[in-house]
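Visitor: The structure file upload_29.pdb (PDB, C-alpha atoms) is provided below.
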```pdb
ATOM      1  CA  MET A 929     116.937  99.059 115.276
ATOM      2  CA  ILE A 930     115.252 100.993 112.460
ATOM      3  CA  ILE A 931     111.793  99.730 111.526
ATOM      4  CA  LEU A 932     109.736 100.581 108.459
ATOM      5  CA  ALA A 933     106.042 100.180 109.258
ATOM      6  CA  SER A 934     105.163  99.457 105.623
ATOM      7  CA  ALA A 935     104.934  96.464 103.308
ATOM      8  CA  SER A 936     105.531  98.663 100.236
ATOM      9  CA  PRO A 937     108.451  97.342  98.182
ATOM     10  CA  ARG A 938     108.930 100.849  96.767
ATOM     11  CA  ARG A 939     109.342 102.364 100.241
ATOM     12  CA  GLN A 940     111.707  99.578 101.236
ATOM     13  CA  GLU A 941     113.874 100.243  98.189
ATOM     14  CA  LEU A 942     113.912 103.989  98.844
ATOM     15  CA  LEU A 943     114.721 103.624 102.545
ATOM     16  CA  LYS A 944     117.873 101.749 101.473
ATOM     17  CA  LEU A 945     119.118 105.092 100.123
ATOM     18  CA  ILE A 946     119.296 106.259 103.759
ATOM     19  CA  TYR A 947     119.903 103.073 105.782
ATOM     20  CA  ASP A 948     121.655  99.843 104.866
ATOM     21  CA  GLU A 949     119.822  97.799 107.486
ATOM     22  CA  PHE A 950     116.275  98.008 108.772
ATOM     23  CA  GLU A 951     113.417  95.712 109.665
ATOM     24  CA  ILE A 952     110.029  95.588 107.947
ATOM     25  CA  ILE A 953     106.987  95.382 110.238
ATOM     26  CA  PRO A 954     103.842  96.373 108.334
ATOM     27  CA  ALA A 955     101.261  98.160 110.456
ATOM     28  CA  ASP A 956      97.942  96.366 110.186
ATOM     29  CA  ILE A 957      95.669  99.186 111.313
ATOM     30  CA  ASP A 958      92.184 100.500 110.744
ATOM     31  CA  GLU A 959      92.762 103.286 108.212
ATOM     32  CA  THR A 960      89.643 105.191 109.172
ATOM     33  CA  VAL A 961      90.339 108.907 109.522
ATOM     34  CA  ARG A 962      88.524 111.133 112.006
ATOM     35  CA  ARG A 963      86.163 113.607 110.358
ATOM     36  CA  SER A 964      87.935 116.525 112.043
ATOM     37  CA  ILE A 965      91.103 115.862 110.010
ATOM     38  CA  GLU A 966      91.464 118.001 106.879
ATOM     39  CA  LEU A 967      91.581 115.962 103.658
ATOM     40  CA  GLU A 968      95.182 116.838 102.728
ATOM     41  CA  GLN A 969      96.280 115.872 106.266
ATOM     42  CA  TYR A 970      95.062 112.267 105.840
ATOM     43  CA  PRO A 971      98.458 110.849 104.779
ATOM     44  CA  GLU A 972     100.274 112.365 107.769
ATOM     45  CA  TYR A 973      97.492 111.266 110.136
ATOM     46  CA  LEU A 974      97.642 107.686 108.798
ATOM     47  CA  ALA A 975     101.459 107.676 108.916
ATOM     48  CA  LEU A 976     101.231 108.662 112.580
ATOM     49  CA  LYS A 977      98.702 105.899 113.297
ATOM     50  CA  LYS A 978     100.953 103.338 111.593
ATOM     51  CA  SER A 979     104.167 104.362 113.317
ATOM     52  CA  ARG A 980     102.491 104.646 116.735
ATOM     53  CA  HIS A 981     100.911 101.197 116.324
ATOM     54  CA  ILE A 982     104.327  99.586 115.819
ATOM     55  CA  ALA A 983     106.244 101.835 118.271
ATOM     56  CA  GLU A 984     103.904 100.867 121.122
ATOM     57  CA  LYS A 985     105.056  97.253 120.746
ATOM     58  CA  ARG A 986     108.779  97.923 120.422
ATOM     59  CA  PRO A 987     111.582  99.129 122.693
ATOM     60  CA  VAL A 988     111.687 102.945 122.828
ATOM     61  CA  THR A 989     115.213 102.839 121.417
ATOM     62  CA  ASP A 990     113.875 101.515 118.106
ATOM     63  CA  VAL A 991     113.268 104.063 115.352
ATOM     64  CA  VAL A 992     109.860 103.426 113.774
ATOM     65  CA  ILE A 993     109.000 105.080 110.452
ATOM     66  CA  GLY A 994     105.421 105.133 109.166
ATOM     67  CA  CYS A 995     104.301 106.530 105.804
ATOM     68  CA  ASP A 996     101.175 107.010 103.757
ATOM     69  CA  THR A 997     100.717 108.547 100.301
ATOM     70  CA  GLY A 998      97.621 110.067  98.724
ATOM     71  CA  VAL A 999      96.752 111.557  95.347
ATOM     72  CA  PHE A1000      94.556 114.665  95.564
ATOM     73  CA  ILE A1001      92.440 116.397  92.939
ATOM     74  CA  ASP A1002      89.139 118.319  93.019
ATOM     75  CA  ASP A1003      88.896 118.099  96.825
ATOM     76  CA  MET A1004      89.101 114.297  96.632
ATOM     77  CA  MET A1005      91.725 111.816  97.714
ATOM     78  CA  LEU A1006      92.260 108.994  95.221
ATOM     79  CA  GLY A1007      93.224 105.704  96.797
ATOM     80  CA  LYS A1008      94.116 102.430  95.154
ATOM     81  CA  PRO A1009      91.589 101.381  92.513
ATOM     82  CA  GLU A1010      89.409  98.378  93.286
ATOM     83  CA  ASP A1011      89.209  97.286  89.652
ATOM     84  CA  ALA A1012      90.105  98.289  86.093
ATOM     85  CA  GLU A1013      86.950 100.367  85.713
ATOM     86  CA  GLN A1014      87.781 102.451  88.767
ATOM     87  CA  ALA A1015      91.397 102.799  87.569
ATOM     88  CA  ALA A1016      90.127 104.137  84.218
ATOM     89  CA  LYS A1017      87.923 106.704  85.987
ATOM     90  CA  MET A1018      90.867 107.908  88.064
ATOM     91  CA  LEU A1019      93.168 108.190  85.072
ATOM     92  CA  LYS A1020      90.514 110.083  83.075
ATOM     93  CA  LEU A1021      90.154 112.483  86.004
ATOM     94  CA  LEU A1022      93.929 113.084  86.083
ATOM     95  CA  SER A1023      94.275 113.343  82.280
ATOM     96  CA  GLY A1024      95.666 116.708  81.128
ATOM     97  CA  ARG A1025      95.557 118.124  84.649
ATOM     98  CA  VAL A1026      97.719 118.929  87.652
ATOM     99  CA  HIS A1027      97.199 117.020  90.896
ATOM    100  CA  LYS A1028      98.971 116.791  94.230
ATOM    101  CA  VAL A1029     100.758 113.793  95.679
ATOM    102  CA  ILE A1030     101.145 114.095  99.427
ATOM    103  CA  THR A1031     103.185 111.674 101.502
ATOM    104  CA  GLY A1032     102.915 111.833 105.250
ATOM    105  CA  CYS A1033     105.797 110.499 107.360
ATOM    106  CA  SER A1034     105.920 109.883 111.080
ATOM    107  CA  VAL A1035     108.921 108.790 113.136
ATOM    108  CA  PHE A1036     108.945 107.542 116.738
ATOM    109  CA  TYR A1037     112.173 107.275 118.703
ATOM    110  CA  ASN A1038     112.915 107.310 122.410
ATOM    111  CA  GLY A1039     109.415 108.498 123.311
ATOM    112  CA  GLN A1040     109.530 111.363 120.812
ATOM    113  CA  ASN A1041     107.644 111.800 117.561
ATOM    114  CA  ILE A1042     108.080 113.947 114.496
ATOM    115  CA  SER A1043     105.537 113.943 111.710
ATOM    116  CA  PHE A1044     105.518 115.866 108.455
ATOM    117  CA  SER A1045     104.024 115.932 104.967
ATOM    118  CA  GLU A1046     105.714 116.465 101.623
ATOM    119  CA  THR A1047     103.717 117.701  98.604
ATOM    120  CA  THR A1048     104.600 117.313  94.925
ATOM    121  CA  GLU A1049     102.525 118.601  92.025
ATOM    122  CA  VAL A1050     102.227 116.250  89.060
ATOM    123  CA  GLU A1051     100.862 117.182  85.629
ATOM    124  CA  PHE A1052      99.622 114.485  83.270
ATOM    125  CA  PHE A1053      99.575 114.590  79.496
ATOM    126  CA  ARG A1054      96.108 114.492  77.975
ATOM    127  CA  LEU A1055      95.365 110.770  77.768
ATOM    128  CA  SER A1056      93.231 109.047  75.160
ATOM    129  CA  ASP A1057      90.984 106.117  76.044
ATOM    130  CA  LYS A1058      93.541 103.941  74.249
ATOM    131  CA  ASP A1059      96.402 105.319  76.384
ATOM    132  CA  ILE A1060      94.425 104.559  79.528
ATOM    133  CA  ALA A1061      93.425 101.052  78.403
ATOM    134  CA  GLU A1062      97.004 100.193  77.441
ATOM    135  CA  TYR A1063      98.309 101.366  80.804
ATOM    136  CA  ILE A1064      95.649  99.477  82.744
ATOM    137  CA  ALA A1065      96.484  96.335  80.726
ATOM    138  CA  THR A1066      99.980  96.411  82.276
ATOM    139  CA  GLY A1067      98.391  95.737  85.685
ATOM    140  CA  GLU A1068     100.553  98.459  87.189
ATOM    141  CA  PRO A1069      97.751 100.801  88.325
ATOM    142  CA  MET A1070      96.031  98.301  90.568
ATOM    143  CA  ASP A1071      98.125  98.647  93.732
ATOM    144  CA  LYS A1072      98.898 102.348  93.541
ATOM    145  CA  ALA A1073      97.164 105.447  94.864
ATOM    146  CA  GLY A1074      95.697 107.414  91.966
ATOM    147  CA  ALA A1075      96.061 104.343  89.710
ATOM    148  CA  TYR A1076      99.587 105.088  88.525
ATOM    149  CA  GLY A1077     103.215 104.533  89.439
ATOM    150  CA  ILE A1078     105.644 107.207  88.277
ATOM    151  CA  GLN A1079     108.576 104.810  88.753
ATOM    152  CA  GLY A1080     107.179 102.399  86.154
ATOM    153  CA  LYS A1081     105.240 102.716  82.914
ATOM    154  CA  GLY A1082     103.183 105.413  84.607
ATOM    155  CA  ALA A1083     106.124 107.714  83.880
ATOM    156  CA  LEU A1084     104.817 107.847  80.299
ATOM    157  CA  LEU A1085     101.663 109.609  81.548
ATOM    158  CA  VAL A1086     103.540 112.383  83.349
ATOM    159  CA  LYS A1087     104.221 115.656  81.558
ATOM    160  CA  ARG A1088     106.066 117.306  84.475
ATOM    161  CA  ILE A1089     106.438 117.414  88.226
ATOM    162  CA  ASN A1090     107.064 120.245  90.647
ATOM    163  CA  GLY A1091     108.691 118.891  93.781
ATOM    164  CA  ASP A1092     110.317 115.706  95.025
ATOM    165  CA  TYR A1093     110.161 112.773  92.595
ATOM    166  CA  TYR A1094     110.735 110.255  95.399
ATOM    167  CA  ASN A1095     107.739 111.683  97.233
ATOM    168  CA  VAL A1096     105.556 110.604  94.298
ATOM    169  CA  VAL A1097     107.075 107.111  94.495
ATOM    170  CA  GLY A1098     106.084 107.014  98.174
ATOM    171  CA  LEU A1099     108.952 108.171 100.402
ATOM    172  CA  PRO A1100     110.469 111.681 100.398
ATOM    173  CA  VAL A1101     113.949 110.398 101.230
ATOM    174  CA  GLY A1102     115.715 113.784 101.337
ATOM    175  CA  ALA A1103     113.187 115.322 103.722
ATOM    176  CA  LEU A1104     113.114 112.155 105.848
ATOM    177  CA  LYS A1105     116.912 112.099 106.136
ATOM    178  CA  GLN A1106     116.914 115.739 107.269
ATOM    179  CA  LYS A1107     114.234 115.053 109.901
ATOM    180  CA  MET A1108     116.091 111.979 111.148
ATOM    181  CA  LYS A1109     119.055 114.186 112.075
ATOM    182  CA  MET A1110     116.959 115.299 115.049
ATOM    183  CA  PHE A1111     117.169 111.756 116.449
ATOM    184  CA  MET A1112     120.483 110.388 115.271
TER     185      MET A1112
END
```
Represent the structure contained in this file as structure tokens.
Guide:
Amino acid sequence: MIILASASPRRQELLKLIYDEFEIIPADIDETVRRSIELEQYPEYLALKKSRHIAEKRPVTDVVIGCDTGVFIDDMMLGKPEDAEQAAKMLKLLSGRVHKVITGCSVFYNGQNISFSETTEVEFFRLSDKDIAEYIATGEPMDKAGAYGIQGKGALLVKRINGDYYNVVGLPVGALKQKMKMFM
């Protein structure tokens, strides 16, 4: 059995590009990160925590995939905004600039683990206060790291990307498929 340790509908949709059938078991974990972990390693560290949490409760023959995505700029990791005001601050910070989107993936199978990170650079157009307010009014930013979703209306904010588009959505499917060849 293949298990996705995530409640993200975007990750579920993307995993269907690789596997027709899998089970969803979200990992309800404490997402605290040890201070010794470098900032840009947070997504991979959290992906490992998520996949391990589920794998420990499942038969070793199950394949458990955990993921976490972060948006990084100015030595900060932007999570999901708590409210519209915080979303506006994040979008103003990203406006006209390049940032990194890093997705960490971790896979457990048969007592083995592989973990990796994929990085994509994203450049935003310069956004006016009106652009930001209109985007926030869609409600789309509220459940997304960095307060935007490239797969939705957030695409209108993006000038260009350098790297894997699907990584920005939340699951680097090509890289994951290649890593899975080690197990299957």
Visitor: Please, what distance in Å, to one decimal, runs between atom CA of A:Asp1011 and atom CA of A:Ile1089?
Guide: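 These atoms are spaced 26.5 Å apart.
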Visitor: With distances taken over all atoms listed in the file, which residue among A:Gln1014, A:Thr960, A:Gln1040, A:Gln1079 lies nearest A:Leu942?
Guide: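 Of all the options, A:Gln1079 lies closest to A:Leu942.
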Visitor: Around the point (105.7, 115.2, 100.9) in the file's coordinates, collect all residues with an atom within 7 Å, using all atoms listed in the file, and return them as a PyMOL selection string.
Guide: chain A and resi 1030-1032+1045-1048+1095+1100
Visitor: Any chance you could export the current selection's C-alpha atoms as a short mmCIF file (atom, residue, chain, number, x, y, z; two decimals), in the coordinates of the input?
Guide:
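Produced file out22.cif, reproduced below:
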```
data_model
loop_
_atom_site.label_atom_id
_atom_site.label_comp_id
_atom_site.auth_asym_id
_atom_site.auth_seq_id
_atom_site.Cartn_x
_atom_site.Cartn_y
_atom_site.Cartn_z
CA ILE A 1030 101.14 114.10 99.43
CA THR A 1031 103.18 111.67 101.50
CA GLY A 1032 102.92 111.83 105.25
CA SER A 1045 104.02 115.93 104.97
CA GLU A 1046 105.71 116.46 101.62
CA THR A 1047 103.72 117.70 98.60
CA THR A 1048 104.60 117.31 94.92
CA ASN A 1095 107.74 111.68 97.23
CA PRO A 1100 110.47 111.68 100.40
#
```
Visitor: With only C-alpha atoms as the basis for distance, which of A:Pro937, A:Ile1042, A:Glu1068, A:Cys1033 is at the shortest distance from A:Val1101?
Guide: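 For A:Val1101, the nearest of the given residues is A:Cys1033.
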Visitor: What is the distance between atom CA of A:Met929 and atom CA of A:Glu949, in Å to one decimal?
Guide: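 Computed distance, atom CA of A:Met929 to atom CA of A:Glu949, equals 8.4 Å.
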Visitor: Looking at only C-alpha atoms, which of A:Leu1084, A:Glu1049, A:Leu976, A:Leu1055 is the one that sits closest to A:Gly1024?
Guide: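 Smallest separation from A:Gly1024 among the options: A:Leu1055.
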Visitor: Just checking: using only C-alpha atoms, which residue out of A:Met1070, A:Glu1051, A:Ala975, A:Arg962 ends up closest to A:Ala1012?
Guide: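 Once distances to A:Ala1012 are computed over only C-alpha atoms, the minimum belongs to A:Met1070.
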